[in-house]
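See below for protein36.cif, which holds mmCIF, C-alpha atoms.
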data_final
loop_
_atom_site.group_PDB
_atom_site.id
_atom_site.type_symbol
_atom_site.label_atom_id
_atom_site.label_comp_id
_atom_site.auth_asym_id
_atom_site.auth_seq_id
_atom_site.Cartn_x
_atom_site.Cartn_y
_atom_site.Cartn_z
ATOM 1 C CA MET A 1441 -56.515 -28.016 167.104
ATOM 2 C CA PHE A 1442 -55.925 -24.595 165.585
ATOM 3 C CA ASP A 1443 -57.428 -21.798 167.713
ATOM 4 C CA LEU A 1444 -58.263 -18.867 165.439
ATOM 5 C CA ASP A 1445 -58.724 -16.435 168.328
ATOM 6 C CA GLN A 1446 -55.375 -17.349 169.865
ATOM 7 C CA ALA A 1447 -53.709 -17.048 166.446
ATOM 8 C CA ILE A 1448 -55.032 -13.486 166.020
ATOM 9 C CA GLN A 1449 -53.741 -12.628 169.500
ATOM 10 C CA LYS A 1450 -50.283 -13.980 168.639
ATOM 11 C CA ALA A 1451 -50.285 -12.180 165.296
ATOM 12 C CA MET A 1452 -51.286 -8.935 167.001
ATOM 13 C CA MET A 1453 -48.342 -9.196 169.390
ATOM 14 C CA LEU A 1454 -45.965 -9.990 166.520
ATOM 15 C CA PHE A 1455 -47.192 -7.058 164.397
ATOM 16 C CA TRP A 1456 -47.010 -4.837 167.464
ATOM 17 C CA ARG A 1457 -43.371 -5.815 168.042
ATOM 18 C CA LYS A 1458 -42.194 -5.736 164.444
ATOM 19 C CA GLY A 1459 -44.731 -3.617 162.561
ATOM 20 C CA PHE A 1460 -46.563 -4.715 159.442
ATOM 21 C CA HIS A 1461 -43.575 -4.381 157.121
ATOM 22 C CA GLY A 1462 -41.106 -5.920 159.562
ATOM 23 C CA THR A 1463 -43.263 -9.013 160.013
ATOM 24 C CA THR A 1464 -42.715 -11.638 157.346
ATOM 25 C CA ILE A 1465 -44.893 -14.558 156.344
ATOM 26 C CA PRO A 1466 -42.259 -16.948 157.780
ATOM 27 C CA ASP A 1467 -42.435 -14.957 161.057
ATOM 28 C CA LEU A 1468 -46.193 -15.398 161.118
ATOM 29 C CA THR A 1469 -46.201 -19.098 160.266
ATOM 30 C CA ALA A 1470 -43.555 -19.770 162.934
ATOM 31 C CA GLU A 1471 -45.406 -17.724 165.560
ATOM 32 C CA LEU A 1472 -48.784 -19.272 164.756
ATOM 33 C CA GLY A 1473 -47.440 -22.791 164.321
ATOM 34 C CA ILE A 1474 -48.983 -23.253 160.881
ATOM 35 C CA ASN A 1475 -47.700 -23.552 157.348
ATOM 36 C CA ARG A 1476 -48.043 -20.913 154.638
ATOM 37 C CA PRO A 1477 -51.056 -22.498 152.865
ATOM 38 C CA SER A 1478 -52.889 -22.797 156.191
ATOM 39 C CA LEU A 1479 -52.197 -19.129 156.938
ATOM 40 C CA TYR A 1480 -53.782 -18.127 153.630
ATOM 41 C CA VAL A 1481 -56.758 -20.442 154.130
ATOM 42 C CA ALA A 1482 -57.381 -19.135 157.660
ATOM 43 C CA PHE A 1483 -56.764 -15.413 157.065
ATOM 44 C CA GLY A 1484 -56.658 -14.713 153.339
ATOM 45 C CA ASP A 1485 -53.395 -12.799 153.351
ATOM 46 C CA LYS A 1486 -51.024 -10.870 155.595
ATOM 47 C CA GLU A 1487 -52.963 -7.611 155.166
ATOM 48 C CA ASN A 1488 -56.213 -9.217 156.257
ATOM 49 C CA LEU A 1489 -54.515 -10.797 159.278
ATOM 50 C CA PHE A 1490 -53.099 -7.366 160.149
ATOM 51 C CA ARG A 1491 -56.600 -5.877 159.973
ATOM 52 C CA LEU A 1492 -57.849 -8.591 162.328
ATOM 53 C CA ALA A 1493 -54.925 -7.815 164.632
ATOM 54 C CA LEU A 1494 -55.870 -4.105 164.572
ATOM 55 C CA ASP A 1495 -59.450 -5.000 165.497
ATOM 56 C CA ARG A 1496 -58.153 -7.105 168.391
ATOM 57 C CA TYR A 1497 -55.799 -4.325 169.496
ATOM 58 C CA ARG A 1498 -58.631 -1.776 169.593
ATOM 59 C CA ARG A 1499 -60.919 -4.178 171.447
ATOM 60 C CA ASP A 1500 -58.388 -5.407 174.012
ATOM 61 C CA PRO A 1501 -55.147 -3.496 174.710
ATOM 62 C CA ALA A 1502 -56.600 -0.164 173.560
ATOM 63 C CA SER A 1503 -59.944 -0.659 175.298
ATOM 64 C CA TYR A 1504 -58.890 2.121 177.677
ATOM 65 C CA VAL A 1505 -60.200 4.530 175.011
ATOM 66 C CA ASN A 1506 -63.799 3.382 175.455
ATOM 67 C CA ARG A 1507 -63.450 3.429 179.243
ATOM 68 C CA ALA A 1508 -62.015 6.953 179.130
ATOM 69 C CA LEU A 1509 -64.744 8.263 176.837
ATOM 70 C CA ALA A 1510 -67.372 6.894 179.239
ATOM 71 C CA LYS A 1511 -66.050 9.027 182.120
ATOM 72 C CA PRO A 1512 -68.540 11.561 183.498
ATOM 73 C CA THR A 1513 -66.605 14.714 182.580
ATOM 74 C CA ALA A 1514 -64.554 15.797 179.588
ATOM 75 C CA ARG A 1515 -61.512 16.410 181.792
ATOM 76 C CA GLU A 1516 -61.785 12.911 183.255
ATOM 77 C CA ALA A 1517 -62.140 11.529 179.723
ATOM 78 C CA PHE A 1518 -59.016 13.420 178.620
ATOM 79 C CA GLU A 1519 -57.098 12.239 181.687
ATOM 80 C CA GLY A 1520 -58.321 8.677 181.064
ATOM 81 C CA LEU A 1521 -57.036 8.804 177.499
ATOM 82 C CA LEU A 1522 -53.573 9.993 178.541
ATOM 83 C CA TYR A 1523 -53.196 7.775 181.594
ATOM 84 C CA GLY A 1524 -54.654 4.846 179.665
ATOM 85 C CA VAL A 1525 -52.148 5.156 176.849
ATOM 86 C CA ILE A 1526 -49.311 5.517 179.354
ATOM 87 C CA ASP A 1527 -50.442 2.334 181.124
ATOM 88 C CA LEU A 1528 -50.557 0.553 177.771
ATOM 89 C CA LEU A 1529 -47.155 1.861 176.707
ATOM 90 C CA THR A 1530 -45.402 1.028 179.957
ATOM 91 C CA ASP A 1531 -46.967 -2.385 180.588
ATOM 92 C CA LYS A 1532 -44.030 -4.818 180.572
ATOM 93 C CA ASN A 1533 -46.260 -7.444 178.923
ATOM 94 C CA ASN A 1534 -46.672 -5.259 175.839
ATOM 95 C CA PRO A 1535 -44.103 -4.674 173.090
ATOM 96 C CA GLY A 1536 -44.217 -0.899 173.512
ATOM 97 C CA GLY A 1537 -45.429 1.864 171.263
ATOM 98 C CA CYS A 1538 -48.888 1.863 169.736
ATOM 99 C CA LEU A 1539 -49.862 -0.542 166.987
ATOM 100 C CA PHE A 1540 -52.165 2.086 165.440
ATOM 101 C CA VAL A 1541 -49.390 4.673 165.341
ATOM 102 C CA CYS A 1542 -46.293 2.647 164.506
ATOM 103 C CA GLY A 1543 -47.679 -0.567 163.027
ATOM 104 C CA ALA A 1544 -47.672 0.488 159.385
ATOM 105 C CA MET A 1545 -46.062 3.905 159.268
ATOM 106 C CA ALA A 1546 -43.224 2.982 156.942
ATOM 107 C CA GLY A 1547 -44.022 1.710 153.511
ATOM 108 C CA GLY A 1548 -44.083 2.686 149.896
ATOM 109 C CA GLU A 1549 -46.835 3.093 147.352
ATOM 110 C CA ALA A 1550 -47.545 -0.647 147.397
ATOM 111 C CA SER A 1551 -48.701 -0.177 150.986
ATOM 112 C CA ARG A 1552 -51.092 2.666 150.141
ATOM 113 C CA PRO A 1553 -54.332 0.719 150.843
ATOM 114 C CA LEU A 1554 -53.074 -0.337 154.265
ATOM 115 C CA LEU A 1555 -51.710 3.124 155.078
ATOM 116 C CA ASP A 1556 -55.050 4.634 154.056
ATOM 117 C CA GLU A 1557 -56.859 2.191 156.326
ATOM 118 C CA MET A 1558 -54.586 3.095 159.235
ATOM 119 C CA LYS A 1559 -55.342 6.776 158.630
ATOM 120 C CA LYS A 1560 -59.054 6.007 158.590
ATOM 121 C CA ARG A 1561 -58.847 4.097 161.866
ATOM 122 C CA ARG A 1562 -56.956 6.971 163.498
ATOM 123 C CA ARG A 1563 -59.501 9.483 162.125
ATOM 124 C CA ASP A 1564 -62.364 7.317 163.422
ATOM 125 C CA GLY A 1565 -60.780 7.269 166.878
ATOM 126 C CA GLU A 1566 -60.360 11.022 166.789
ATOM 127 C CA ALA A 1567 -64.016 11.387 165.726
ATOM 128 C CA ASP A 1568 -65.100 9.354 168.771
ATOM 129 C CA ILE A 1569 -63.149 11.730 171.000
ATOM 130 C CA ARG A 1570 -64.565 14.793 169.206
ATOM 131 C CA GLU A 1571 -68.112 13.479 169.718
ATOM 132 C CA ARG A 1572 -67.410 13.068 173.447
ATOM 133 C CA PHE A 1573 -66.189 16.657 173.677
ATOM 134 C CA GLU A 1574 -69.157 17.928 171.635
ATOM 135 C CA ARG A 1575 -71.436 16.243 174.141
ATOM 136 C CA ALA A 1576 -69.496 17.905 176.977
ATOM 137 C CA ILE A 1577 -70.062 21.312 175.363
ATOM 138 C CA GLU A 1578 -73.785 20.606 174.943
ATOM 139 C CA GLU A 1579 -74.052 19.467 178.571
ATOM 140 C CA GLY A 1580 -72.179 22.520 179.863
ATOM 141 C CA ASP A 1581 -69.219 20.456 181.057
ATOM 142 C CA LEU A 1582 -66.948 22.429 178.708
ATOM 143 C CA PRO A 1583 -67.308 26.140 177.899
ATOM 144 C CA SER A 1584 -69.562 26.882 174.934
ATOM 145 C CA SER A 1585 -66.538 28.555 173.325
ATOM 146 C CA ALA A 1586 -64.578 25.267 173.384
ATOM 147 C CA ASN A 1587 -63.681 23.770 170.020
ATOM 148 C CA ALA A 1588 -64.416 20.037 170.181
ATOM 149 C CA LYS A 1589 -62.568 19.315 166.954
ATOM 150 C CA ALA A 1590 -59.414 21.107 168.139
ATOM 151 C CA LEU A 1591 -59.642 19.420 171.562
ATOM 152 C CA ALA A 1592 -59.907 16.006 169.896
ATOM 153 C CA LYS A 1593 -56.876 16.812 167.742
ATOM 154 C CA PHE A 1594 -55.044 17.931 170.905
ATOM 155 C CA ALA A 1595 -55.968 14.675 172.683
ATOM 156 C CA THR A 1596 -54.874 12.411 169.837
ATOM 157 C CA THR A 1597 -51.699 14.417 169.311
ATOM 158 C CA GLN A 1598 -50.857 13.922 172.977
ATOM 159 C CA MET A 1599 -51.664 10.203 172.886
ATOM 160 C CA TRP A 1600 -49.705 9.539 169.712
ATOM 161 C CA GLY A 1601 -46.857 11.730 170.883
ATOM 162 C CA LEU A 1602 -46.632 9.746 174.115
ATOM 163 C CA SER A 1603 -46.487 6.594 172.000
ATOM 164 C CA VAL A 1604 -43.612 7.900 169.925
ATOM 165 C CA GLN A 1605 -41.803 9.111 173.042
ATOM 166 C CA SER A 1606 -42.263 5.705 174.658
ATOM 167 C CA SER A 1607 -40.912 3.898 171.605
ATOM 168 C CA THR A 1608 -37.789 6.062 171.756
ATOM 169 C CA GLY A 1609 -37.097 5.197 175.397
ATOM 170 C CA SER A 1610 -38.992 7.703 177.531
ATOM 171 C CA THR A 1611 -39.742 6.379 181.004
ATOM 172 C CA ARG A 1612 -43.154 6.157 182.640
ATOM 173 C CA LYS A 1613 -42.152 9.056 184.895
ATOM 174 C CA GLU A 1614 -41.285 11.193 181.865
ATOM 175 C CA LEU A 1615 -44.519 10.274 180.084
ATOM 176 C CA LEU A 1616 -46.567 11.115 183.176
ATOM 177 C CA ALA A 1617 -44.830 14.492 183.482
ATOM 178 C CA ALA A 1618 -45.713 15.288 179.859
ATOM 179 C CA ALA A 1619 -49.315 14.161 180.419
ATOM 180 C CA GLU A 1620 -49.627 16.372 183.491
ATOM 181 C CA LEU A 1621 -48.660 19.411 181.419
ATOM 182 C CA ALA A 1622 -51.259 18.526 178.788
ATOM 183 C CA ILE A 1623 -53.935 18.039 181.448
ATOM 184 C CA LYS A 1624 -53.184 21.508 182.859
ATOM 185 C CA ALA A 1625 -53.731 22.927 179.354
ATOM 186 C CA PHE A 1626 -57.152 21.268 179.011
ATOM 187 C CA PRO A 1627 -59.973 23.834 179.354
ATOM 188 C CA ALA A 1628 -61.917 24.099 182.569
ATOM 189 C CA LYS A 1629 -65.684 24.667 182.746
#
Could I get this file's structure written as structure tokens?
Amino acid sequence: MFDLDQAIQKAMMLFWRKGFHGTTIPDLTAELGINRPSLYVAFGDKENLFRLALDRYRRDPASYVNRALAKPTAREAFEGLLYGVIDLLTDKNNPGGCLFVCGAMAGGEASRPLLDEMKKRRRDGEADIRERFERAIEEGDLPSSANAKALAKFATTQMWGLSVQSSTGSTRKELLAAAELAIKAFPAK
């Protein structure tokens, strides 16, 4: 029997390894063990399956974001974001890199709707981080002069930069060293 949940998991891993554009319909049908018509019946099209894979990625492998944002202080949240992404990037069970960063970066005008959606998802993630830092300012955990929007941009830049560095061969030790520098730059109360 075809397990839809398991199929989305397999598709997520395939897209994560090969990216949206590098993953073909024959790749997907082989990985999922179904034929082309069944793929379209179950998921609509490749773009829709990719969106489902992105949802799964955010809910499962990238769930460290929610855990980090729930930390009691802004600094702990920032540390949780950086250490969480490093754990994700260096887990030998994962393909490497970040599906949200690298999954659909390349592509022409035909890919515009998907590229726009990826931008929106990244902006939404950054907004979640900004809201956490705004709360920290309101609660006095960050100085009132802190700029939550700039701090959120700093956090996402660090996370995405670590992802790119990982995908180009940086080691866990190198990623941790970079994260430590960023953590030192994070404002204190």
Exercise for the section: Find the residues around Met1453 of chain A up to 10 Å (all atoms listed in the file counted), leave out those fewer than 3 positions away in its own chain, and share them as a VMD selection string. Expected result: chain A and resid 1447 to 1450 1456 to 1459 1471 1493 1497 1533 to 1535 1539
Practice task
Please evaluate the PyMOL selection byres ((chain A and resi 1487) around 12) against the displayed coordinates and give the resulting residues as number ranges by chain.
Solution key: A: 1451, 1455, 1459-1461, 1463-1465, 1468, 1479-1480, 1483-1486, 1488-1494, 1543-1544, 1550-1555, 1557-1558
Would you save the residues of that selection, restricted to C-alpha atoms, as an mmCIF file, in the frame of the given file?
data_model
loop_
_atom_site.group_PDB
_atom_site.id
_atom_site.type_symbol
_atom_site.label_atom_id
_atom_site.label_comp_id
_atom_site.auth_asym_id
_atom_site.auth_seq_id
_atom_site.Cartn_x
_atom_site.Cartn_y
_atom_site.Cartn_z
ATOM 1 C CA ALA A 1451 -50.285 -12.180 165.296
ATOM 2 C CA PHE A 1455 -47.192 -7.058 164.397
ATOM 3 C CA GLY A 1459 -44.731 -3.617 162.561
ATOM 4 C CA PHE A 1460 -46.563 -4.715 159.442
ATOM 5 C CA HIS A 1461 -43.575 -4.381 157.121
ATOM 6 C CA THR A 1463 -43.263 -9.013 160.013
ATOM 7 C CA THR A 1464 -42.715 -11.638 157.346
ATOM 8 C CA ILE A 1465 -44.893 -14.558 156.344
ATOM 9 C CA LEU A 1468 -46.193 -15.398 161.118
ATOM 10 C CA LEU A 1479 -52.197 -19.129 156.938
ATOM 11 C CA TYR A 1480 -53.782 -18.127 153.630
ATOM 12 C CA PHE A 1483 -56.764 -15.413 157.065
ATOM 13 C CA GLY A 1484 -56.658 -14.713 153.339
ATOM 14 C CA ASP A 1485 -53.395 -12.799 153.351
ATOM 15 C CA LYS A 1486 -51.024 -10.870 155.595
ATOM 16 C CA ASN A 1488 -56.213 -9.217 156.257
ATOM 17 C CA LEU A 1489 -54.515 -10.797 159.278
ATOM 18 C CA PHE A 1490 -53.099 -7.366 160.149
ATOM 19 C CA ARG A 1491 -56.600 -5.877 159.973
ATOM 20 C CA LEU A 1492 -57.849 -8.591 162.328
ATOM 21 C CA ALA A 1493 -54.925 -7.815 164.632
ATOM 22 C CA LEU A 1494 -55.870 -4.105 164.572
ATOM 23 C CA GLY A 1543 -47.679 -0.567 163.027
ATOM 24 C CA ALA A 1544 -47.672 0.488 159.385
ATOM 25 C CA ALA A 1550 -47.545 -0.647 147.397
ATOM 26 C CA SER A 1551 -48.701 -0.177 150.986
ATOM 27 C CA ARG A 1552 -51.092 2.666 150.141
ATOM 28 C CA PRO A 1553 -54.332 0.719 150.843
ATOM 29 C CA LEU A 1554 -53.074 -0.337 154.265
ATOM 30 C CA LEU A 1555 -51.710 3.124 155.078
ATOM 31 C CA GLU A 1557 -56.859 2.191 156.326
ATOM 32 C CA MET A 1558 -54.586 3.095 159.235
#
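Straight-line separation from atom CA of Ala1619 of chain A to atom CA of Ala1502 of chain A: 17.5 Å.
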Go ahead and fit an axis-aligned box to every listed atom of segment 1518-1526 of chain A plus 8 Å each side, and pass me the centre and edge lengths in Å, one decimal, as JSON.
{"center_x": -54.2, "center_y": 9.1, "center_z": 179.3, "size_x": 25.7, "size_y": 24.6, "size_z": 20.8}
Practice task
Apply the PyMOL selection byres ((chain A and resi 1585-1599) around 9) to the structure shown and report the selected residues as an MDAnalysis selection string.
Solution key: chainID A and resid 1518 1521:1522 1525:1526 1562 1565:1577 1582:1584 1600:1604 1618:1619 1622 1626:1627
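Closest approach to Gly1473 of chain A from the set A:Arg1561, A:Ala1514, A:Ser1503, A:Phe1442 is made by A:Phe1442, with distances taken over all atoms listed in the file.
Between atom CA of Met1452 of chain A and atom CA of Ile1474 of chain A there is a distance of 15.7 Å.
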Practice task
Apply the PyMOL selection byres ((chain A and resi 1606-1610) around 8) to the displayed file and report the matching residues as a count of residues only.
Solution key: 12
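Taking atom CA of Leu1621 of chain A and atom CA of Gly1520 of chain A as endpoints, the distance between them is 14.4 Å.
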